[in-house]
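Novice: The structure file target-v4.txt (compact mmCIF, C-alpha atoms) is provided below.
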```txt
# COMPACT_ATOMS: atom_id res chain seq x y z
CA MET A 1 -25.79 10.81 -28.97
CA ALA A 2 -28.53 12.00 -26.68
CA GLU A 3 -28.87 15.59 -25.58
CA PRO A 4 -27.12 16.18 -22.26
CA LEU A 5 -29.55 16.26 -19.36
CA SER A 6 -29.92 19.60 -17.64
CA VAL A 7 -29.70 19.78 -13.87
CA PRO A 8 -32.02 22.28 -12.14
CA ASP A 9 -30.27 24.71 -9.79
CA SER A 10 -32.42 23.71 -6.83
CA ILE A 11 -32.84 20.02 -7.58
CA THR A 12 -34.77 17.90 -5.10
CA PHE A 13 -33.59 14.52 -3.87
CA GLU A 14 -36.38 12.84 -5.84
CA GLU A 15 -35.52 14.76 -9.03
CA ALA A 16 -31.87 13.76 -8.60
CA ILE A 17 -32.84 10.09 -8.38
CA ALA A 18 -34.94 10.36 -11.55
CA LEU A 19 -32.20 12.26 -13.39
CA THR A 20 -29.58 9.70 -12.35
CA GLN A 21 -31.81 6.89 -13.60
CA LYS A 22 -32.03 8.63 -16.99
CA LEU A 23 -28.27 9.20 -16.94
CA MET A 24 -27.62 5.53 -16.19
CA ALA A 25 -29.90 4.49 -19.06
CA GLN A 26 -28.05 6.79 -21.45
CA ILE A 27 -24.69 5.38 -20.31
CA GLN A 28 -26.00 1.81 -20.68
CA GLN A 29 -27.18 2.54 -24.23
CA GLY A 30 -23.96 4.34 -25.18
CA GLN A 31 -25.88 7.56 -25.85
CA LEU A 32 -23.74 9.88 -23.77
CA SER A 33 -20.26 11.21 -24.46
CA GLU A 34 -17.75 11.24 -21.61
CA ALA A 35 -17.69 15.07 -21.76
CA ASP A 36 -21.48 15.31 -21.43
CA LEU A 37 -21.48 12.74 -18.64
CA GLU A 38 -18.83 14.68 -16.73
CA SER A 39 -20.58 18.05 -17.09
CA THR A 40 -24.02 16.68 -16.15
CA LEU A 41 -22.68 14.72 -13.22
CA SER A 42 -20.56 17.66 -12.00
CA ALA A 43 -23.70 19.82 -11.95
CA LEU A 44 -25.63 17.06 -10.18
CA VAL A 45 -23.10 16.53 -7.35
CA SER A 46 -22.61 20.25 -6.78
CA SER A 47 -25.59 20.20 -4.38
CA GLU A 48 -26.25 17.89 -1.47
CA ASN A 49 -29.66 16.79 -2.82
CA GLY A 50 -28.17 16.13 -6.24
CA ALA A 51 -25.26 14.16 -4.83
CA ARG A 52 -27.47 12.17 -2.44
CA GLY A 53 -29.84 11.26 -5.27
CA PHE A 54 -26.92 10.29 -7.49
CA PHE A 55 -25.25 8.05 -4.92
CA VAL A 56 -28.43 6.27 -3.79
CA THR A 57 -29.21 5.42 -7.41
CA TYR A 58 -25.70 4.78 -8.71
CA LEU A 59 -24.39 2.68 -5.81
CA THR A 60 -27.47 0.42 -5.68
CA ASP A 61 -27.86 -0.02 -9.45
CA ASP A 62 -28.32 -3.64 -10.54
CA GLY A 63 -26.10 -3.20 -13.59
CA SER A 64 -22.33 -3.33 -13.81
CA ILE A 65 -21.65 0.32 -14.74
CA PRO A 66 -20.96 1.41 -11.13
CA ASP A 67 -18.43 -1.40 -10.68
CA LEU A 68 -15.92 0.34 -12.97
CA PRO A 69 -16.69 4.07 -13.01
CA SER A 70 -15.38 5.93 -16.05
CA ASP A 71 -12.89 8.77 -15.90
CA ALA A 72 -15.79 11.18 -16.42
CA VAL A 73 -17.50 9.92 -13.26
CA ILE A 74 -14.28 10.22 -11.23
CA LEU A 75 -13.57 13.75 -12.51
CA ALA A 76 -17.15 14.85 -11.85
CA LEU A 77 -17.02 13.53 -8.27
CA GLN A 78 -13.73 15.34 -7.68
CA SER A 79 -15.42 18.62 -8.66
CA SER A 80 -17.36 18.84 -5.36
CA PRO A 81 -14.94 17.46 -2.77
CA GLU A 82 -16.77 18.51 0.43
CA ILE A 83 -20.19 17.17 -0.56
CA VAL A 84 -18.85 14.03 -2.23
CA ALA A 85 -16.43 13.15 0.59
CA GLU A 86 -19.14 13.52 3.24
CA LEU A 87 -21.57 11.29 1.37
CA LEU A 88 -19.03 8.63 0.44
CA VAL A 89 -17.87 8.26 4.04
CA LYS A 90 -21.45 8.08 5.32
CA ASN A 91 -22.49 5.66 2.55
CA LEU A 92 -19.65 3.32 3.42
CA ALA A 93 -20.56 3.43 7.12
CA MET A 94 -24.26 2.92 6.49
CA ALA A 95 -23.77 0.04 4.06
CA ALA A 96 -21.41 -1.73 6.48
CA ALA A 97 -23.86 -1.32 9.37
CA MET A 98 -26.85 -2.39 7.27
CA ALA A 99 -25.08 -5.55 6.12
CA ILE A 100 -24.93 -6.56 9.80
CA THR A 101 -28.63 -5.74 10.30
CA HIS A 102 -29.68 -7.73 7.22
CA ARG A 103 -27.63 -10.75 8.29
CA ARG A 104 -29.15 -10.61 11.79
CA ASN A 105 -32.54 -10.71 10.09
CA GLN A 106 -31.46 -13.68 7.92
CA ASN A 107 -31.88 -11.60 4.77
CA GLU A 108 -28.76 -12.58 2.83
CA GLU A 109 -29.99 -11.03 -0.43
CA MET A 110 -30.29 -7.58 1.18
CA ALA A 111 -26.95 -8.12 2.96
CA LYS A 112 -25.29 -8.84 -0.38
CA GLY A 113 -26.78 -5.60 -1.72
CA SER A 114 -25.20 -3.73 1.20
CA ASP A 115 -21.90 -5.52 0.55
CA ARG A 116 -22.04 -4.40 -3.09
CA VAL A 117 -22.67 -0.77 -2.04
CA GLN A 118 -19.67 -1.04 0.31
CA ARG A 119 -17.43 -2.38 -2.48
CA ARG A 120 -18.52 0.28 -4.93
CA THR A 121 -18.17 3.07 -2.39
CA ALA A 122 -14.71 1.91 -1.30
CA TYR A 123 -13.64 1.73 -4.95
CA LEU A 124 -14.89 5.28 -5.63
CA ILE A 125 -13.06 6.51 -2.53
CA GLN A 126 -9.87 4.85 -3.76
CA GLN A 127 -10.26 6.31 -7.27
CA ILE A 128 -11.15 9.92 -6.42
CA GLN A 129 -8.22 10.39 -4.01
CA LEU A 130 -9.71 13.33 -2.08
CA PRO A 131 -7.97 14.43 1.13
CA GLU A 132 -11.42 15.46 2.43
CA VAL A 133 -12.42 11.78 2.48
CA THR A 134 -9.55 10.89 4.79
CA GLU A 135 -10.32 13.86 7.04
CA LYS A 136 -14.00 12.91 7.35
CA ALA A 137 -13.14 9.23 7.84
CA GLN A 138 -10.90 10.21 10.77
CA LYS A 139 -13.74 12.21 12.35
CA LEU A 140 -16.28 9.42 11.84
CA HIS A 141 -13.79 6.90 13.26
CA GLU A 142 -13.38 9.11 16.32
CA SER A 143 -17.14 9.38 16.84
CA ALA A 144 -17.65 5.62 16.38
CA SER A 145 -14.78 4.91 18.79
CA THR A 146 -15.48 7.43 21.55
CA GLY A 147 -19.19 8.17 21.34
CA THR A 148 -18.39 11.87 20.91
CA GLY A 149 -17.38 14.18 18.09
CA SER A 150 -18.78 15.61 14.90
CA TYR A 151 -20.43 12.40 13.65
CA GLN A 152 -22.11 11.44 16.92
CA ALA A 153 -25.50 12.81 15.84
CA PHE A 154 -25.26 10.78 12.60
CA LEU A 155 -24.47 7.56 14.51
CA ASN A 156 -27.23 8.21 17.06
CA ARG A 157 -29.83 9.06 14.40
CA TRP A 158 -29.39 5.61 12.85
CA GLY A 159 -29.20 3.87 16.21
CA TYR A 160 -26.02 1.93 15.49
CA ASP A 161 -25.10 -0.54 18.23
CA ALA A 162 -21.62 -1.57 19.43
CA GLU A 163 -21.06 -4.20 16.71
CA GLN A 164 -22.13 -1.79 13.97
CA ARG A 165 -19.95 1.00 15.37
CA GLN A 166 -17.02 -1.41 15.45
CA VAL A 167 -17.43 -2.32 11.77
CA ILE A 168 -17.75 1.40 10.95
CA GLN A 169 -14.46 1.98 12.80
CA GLN A 170 -12.82 -0.78 10.76
CA LYS A 171 -14.08 0.65 7.46
CA MET A 172 -12.84 4.12 8.41
CA GLU A 173 -9.43 2.68 9.39
CA GLN A 174 -9.16 1.19 5.90
CA ILE A 175 -9.78 4.62 4.35
CA ILE A 176 -7.35 6.33 6.72
CA ALA A 177 -4.64 3.72 6.02
CA VAL A 178 -4.64 4.43 2.28
CA GLY A 179 -5.38 8.18 2.60
```
As structure tokens, what does this structure read like?
Specialist:
Amino acid sequence: MAEPLSVPDSITFEEAIALTQKLMAQIQQGQLSEADLESTLSALVSSENGARGFFVTYLTDDGSIPDLPSDAVILALQSSPEIVAELLVKNLAMAAAMAITHRRNQNEEMAKGSDRVQRRTAYLIQQIQLPEVTEKAQKLHESASTGTGSYQAFLNRWGYDAEQRQVIQQKMEQIIAVG
């Protein structure tokens, strides 16, 4: 077994990406116990930069590990409900909107990558069962539906059009329905 990776207290986004890549390699090679994975990942997702770096690396990974997250991954994600819920809801929205953009640009390979991120994100949401996810999905749904609310700045920053906002609404409705 490999030594558990240590997570700096003030980790940068870039450091979190690099650390997640090392973590994924250790998982792939069977060099990491579930307990070490859970403790490292819990430390990583306890900050916004750490969690952002984890999700961008984990959800887009070319391997199959993110398709069936282990119990250690689920428990670690549950350890920081506010940060994790916020990022999962936004990741699902962004991946859904980007799939539309890629298909408009006739880039099916990139669209399939966005579809995979959506699937993985939706599965994580289903597995972690955090009430904060449902709450944030309701707020994002409201902003996508009405053009107002707490997620309006997020939607405006990415310049989502009517079709993209509609698919975001649909994705949020799916979360709300099971929440």
Novice: When distances are computed from all atoms listed in the file, which of A:Gln170, A:Ser79, A:Gln29, A:Thr57 shows the smallest separation from Ile128 of chain A?
Specialist: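 Ranked by minimum distance to Ile128 of chain A, first place goes to A:Ser79.
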Novice: Which neighbours of segment 99-111 of chain A fall inside 9 Å, counting all atoms listed in the file, when residues of the same chain fewer than 4 positions from it are skipped, and could you give them as an NGL selection string?
Specialist: :A and (94-95 or 115-116 or 163-164 or 167)
Novice: For the residues in that selection, give me C-alpha atoms as a PDB file, in the coordinates of the input.
Specialist:
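Final file, selection-v5.pdb:
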```
ATOM      1  CA  MET A  94     -24.260   2.920   6.490  1.00  0.00           C
ATOM      2  CA  ALA A  95     -23.770   0.040   4.060  1.00  0.00           C
ATOM      3  CA  ASP A 115     -21.900  -5.520   0.550  1.00  0.00           C
ATOM      4  CA  ARG A 116     -22.040  -4.400  -3.090  1.00  0.00           C
ATOM      5  CA  GLU A 163     -21.060  -4.200  16.710  1.00  0.00           C
ATOM      6  CA  GLN A 164     -22.130  -1.790  13.970  1.00  0.00           C
ATOM      7  CA  VAL A 167     -17.430  -2.320  11.770  1.00  0.00           C
TER       8      VAL A 167
END
```
Novice: With all atoms listed in the file as the counted atoms, please give the residues lying no more than 9 Å from Leu68 of chain A, apart from itself and same-chain residues fewer than 5 positions off, as a ChimeraX atom specification.
Specialist: /A:120,123-124
Novice: For atom CA of Ser150 of chain A and atom CA of Leu88 of chain A, quote the distance in Å rounded to one decimal.
Specialist: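 So the answer is 16.1 Å.
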Novice: Got a sec: who's within 10 Å of Met172 of chain A, counting all atoms listed in the file, leaving out chain neighbours fewer than 5 positions off, as a list in words?
Specialist: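 What passes the distance filter is Val89, Lys90, Leu92, Ala93, Val133, Thr134, Lys136, Ala137, Gln138, Lys139, Leu140, His141, Glu142, Ala144, Gln166, Val167 and Ala177 of chain A.
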Novice: Those residues with C-alpha atoms, as a PDB file, in the coordinates of the input please?
Specialist:
```
ATOM      1  CA  VAL A  89     -17.870   8.260   4.040  1.00  0.00           C
ATOM      2  CA  LYS A  90     -21.450   8.080   5.320  1.00  0.00           C
ATOM      3  CA  LEU A  92     -19.650   3.320   3.420  1.00  0.00           C
ATOM      4  CA  ALA A  93     -20.560   3.430   7.120  1.00  0.00           C
ATOM      5  CA  VAL A 133     -12.420  11.780   2.480  1.00  0.00           C
ATOM      6  CA  THR A 134      -9.550  10.890   4.790  1.00  0.00           C
ATOM      7  CA  LYS A 136     -14.000  12.910   7.350  1.00  0.00           C
ATOM      8  CA  ALA A 137     -13.140   9.230   7.840  1.00  0.00           C
ATOM      9  CA  GLN A 138     -10.900  10.210  10.770  1.00  0.00           C
ATOM     10  CA  LYS A 139     -13.740  12.210  12.350  1.00  0.00           C
ATOM     11  CA  LEU A 140     -16.280   9.420  11.840  1.00  0.00           C
ATOM     12  CA  HIS A 141     -13.790   6.900  13.260  1.00  0.00           C
ATOM     13  CA  GLU A 142     -13.380   9.110  16.320  1.00  0.00           C
ATOM     14  CA  ALA A 144     -17.650   5.620  16.380  1.00  0.00           C
ATOM     15  CA  GLN A 166     -17.020  -1.410  15.450  1.00  0.00           C
ATOM     16  CA  VAL A 167     -17.430  -2.320  11.770  1.00  0.00           C
ATOM     17  CA  ALA A 177      -4.640   3.720   6.020  1.00  0.00           C
TER      18      ALA A 177
END
```
Novice: As an exercise, work out the distance from atom CA of Ala122 of chain A to atom CA of Leu23 of chain A in Å and give it to one decimal place.
Specialist: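 Calculated distance between atom CA of Ala122 of chain A and atom CA of Leu23 of chain A is 21.9 Å.
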Novice: So how far away is atom CA of Ser6 of chain A from atom CA of Gln31 of chain A, in Å?
Specialist: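 Atom-to-atom, atom CA of Gln31 of chain A and atom CA of Ser6 of chain A are spaced 15.1 Å apart.
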Novice: Counting all atoms listed in the file, which of A:Glu86, A:Glu132, A:Glu173, A:Glu34 gets nearest to Phe154 of chain A?
Specialist: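 Of all the options, A:Glu86 lies closest to Phe154 of chain A.
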Novice: Nearest to Ala96 of chain A: which of A:Val117, A:Ala76, A:Ile175, A:Ile125 is it, counting all atoms listed in the file?
Specialist: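 Between A:Val117, A:Ala76, A:Ile175, A:Ile125, the residue approaching Ala96 of chain A most closely is A:Val117.
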Novice: Pick out the closest residue to Asp9 of chain A from this set: A:Val45, A:Ile168, A:Ile83, A:Met24. Count all atoms listed in the file.
Specialist: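 Of A:Val45, A:Ile168, A:Ile83, A:Met24, the one nearest Asp9 of chain A is A:Val45, counting all atoms listed in the file.
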Novice: Could you tell me which of A:Leu19, A:Leu155, A:Leu59, A:Leu75 comes closest to Ser143 of chain A if we count only C-alpha atoms?
Specialist: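 Going through A:Leu19, A:Leu155, A:Leu59, A:Leu75 one by one, the smallest distance to Ser143 of chain A is for A:Leu155.
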Novice: Please identify all polymer residues within 8 Å of Leu44 of chain A, counting only C-alpha atoms, omitting same-chain residues fewer than 5 positions from it, and present them as a PyMOL selection string.
Specialist: chain A and resi 7+16+50-51+54
Novice: Choose the residue, out of A:Ile74, A:Lys22, A:Ser114, A:Ser46, that has the smallest atom-to-atom separation from Thr60 of chain A; count all atoms listed in the file.
Specialist: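 Checking each candidate against Thr60 of chain A, we get A:Ser114 as the closest.
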Novice: Could you list as a ChimeraX atom specification every residue that has an atom within 12 Å of (-20.0, 15.1, -19.9), using the file's coordinates and counting only C-alpha atoms?
Specialist: /A:1-6,23,26-27,31-44,70-76
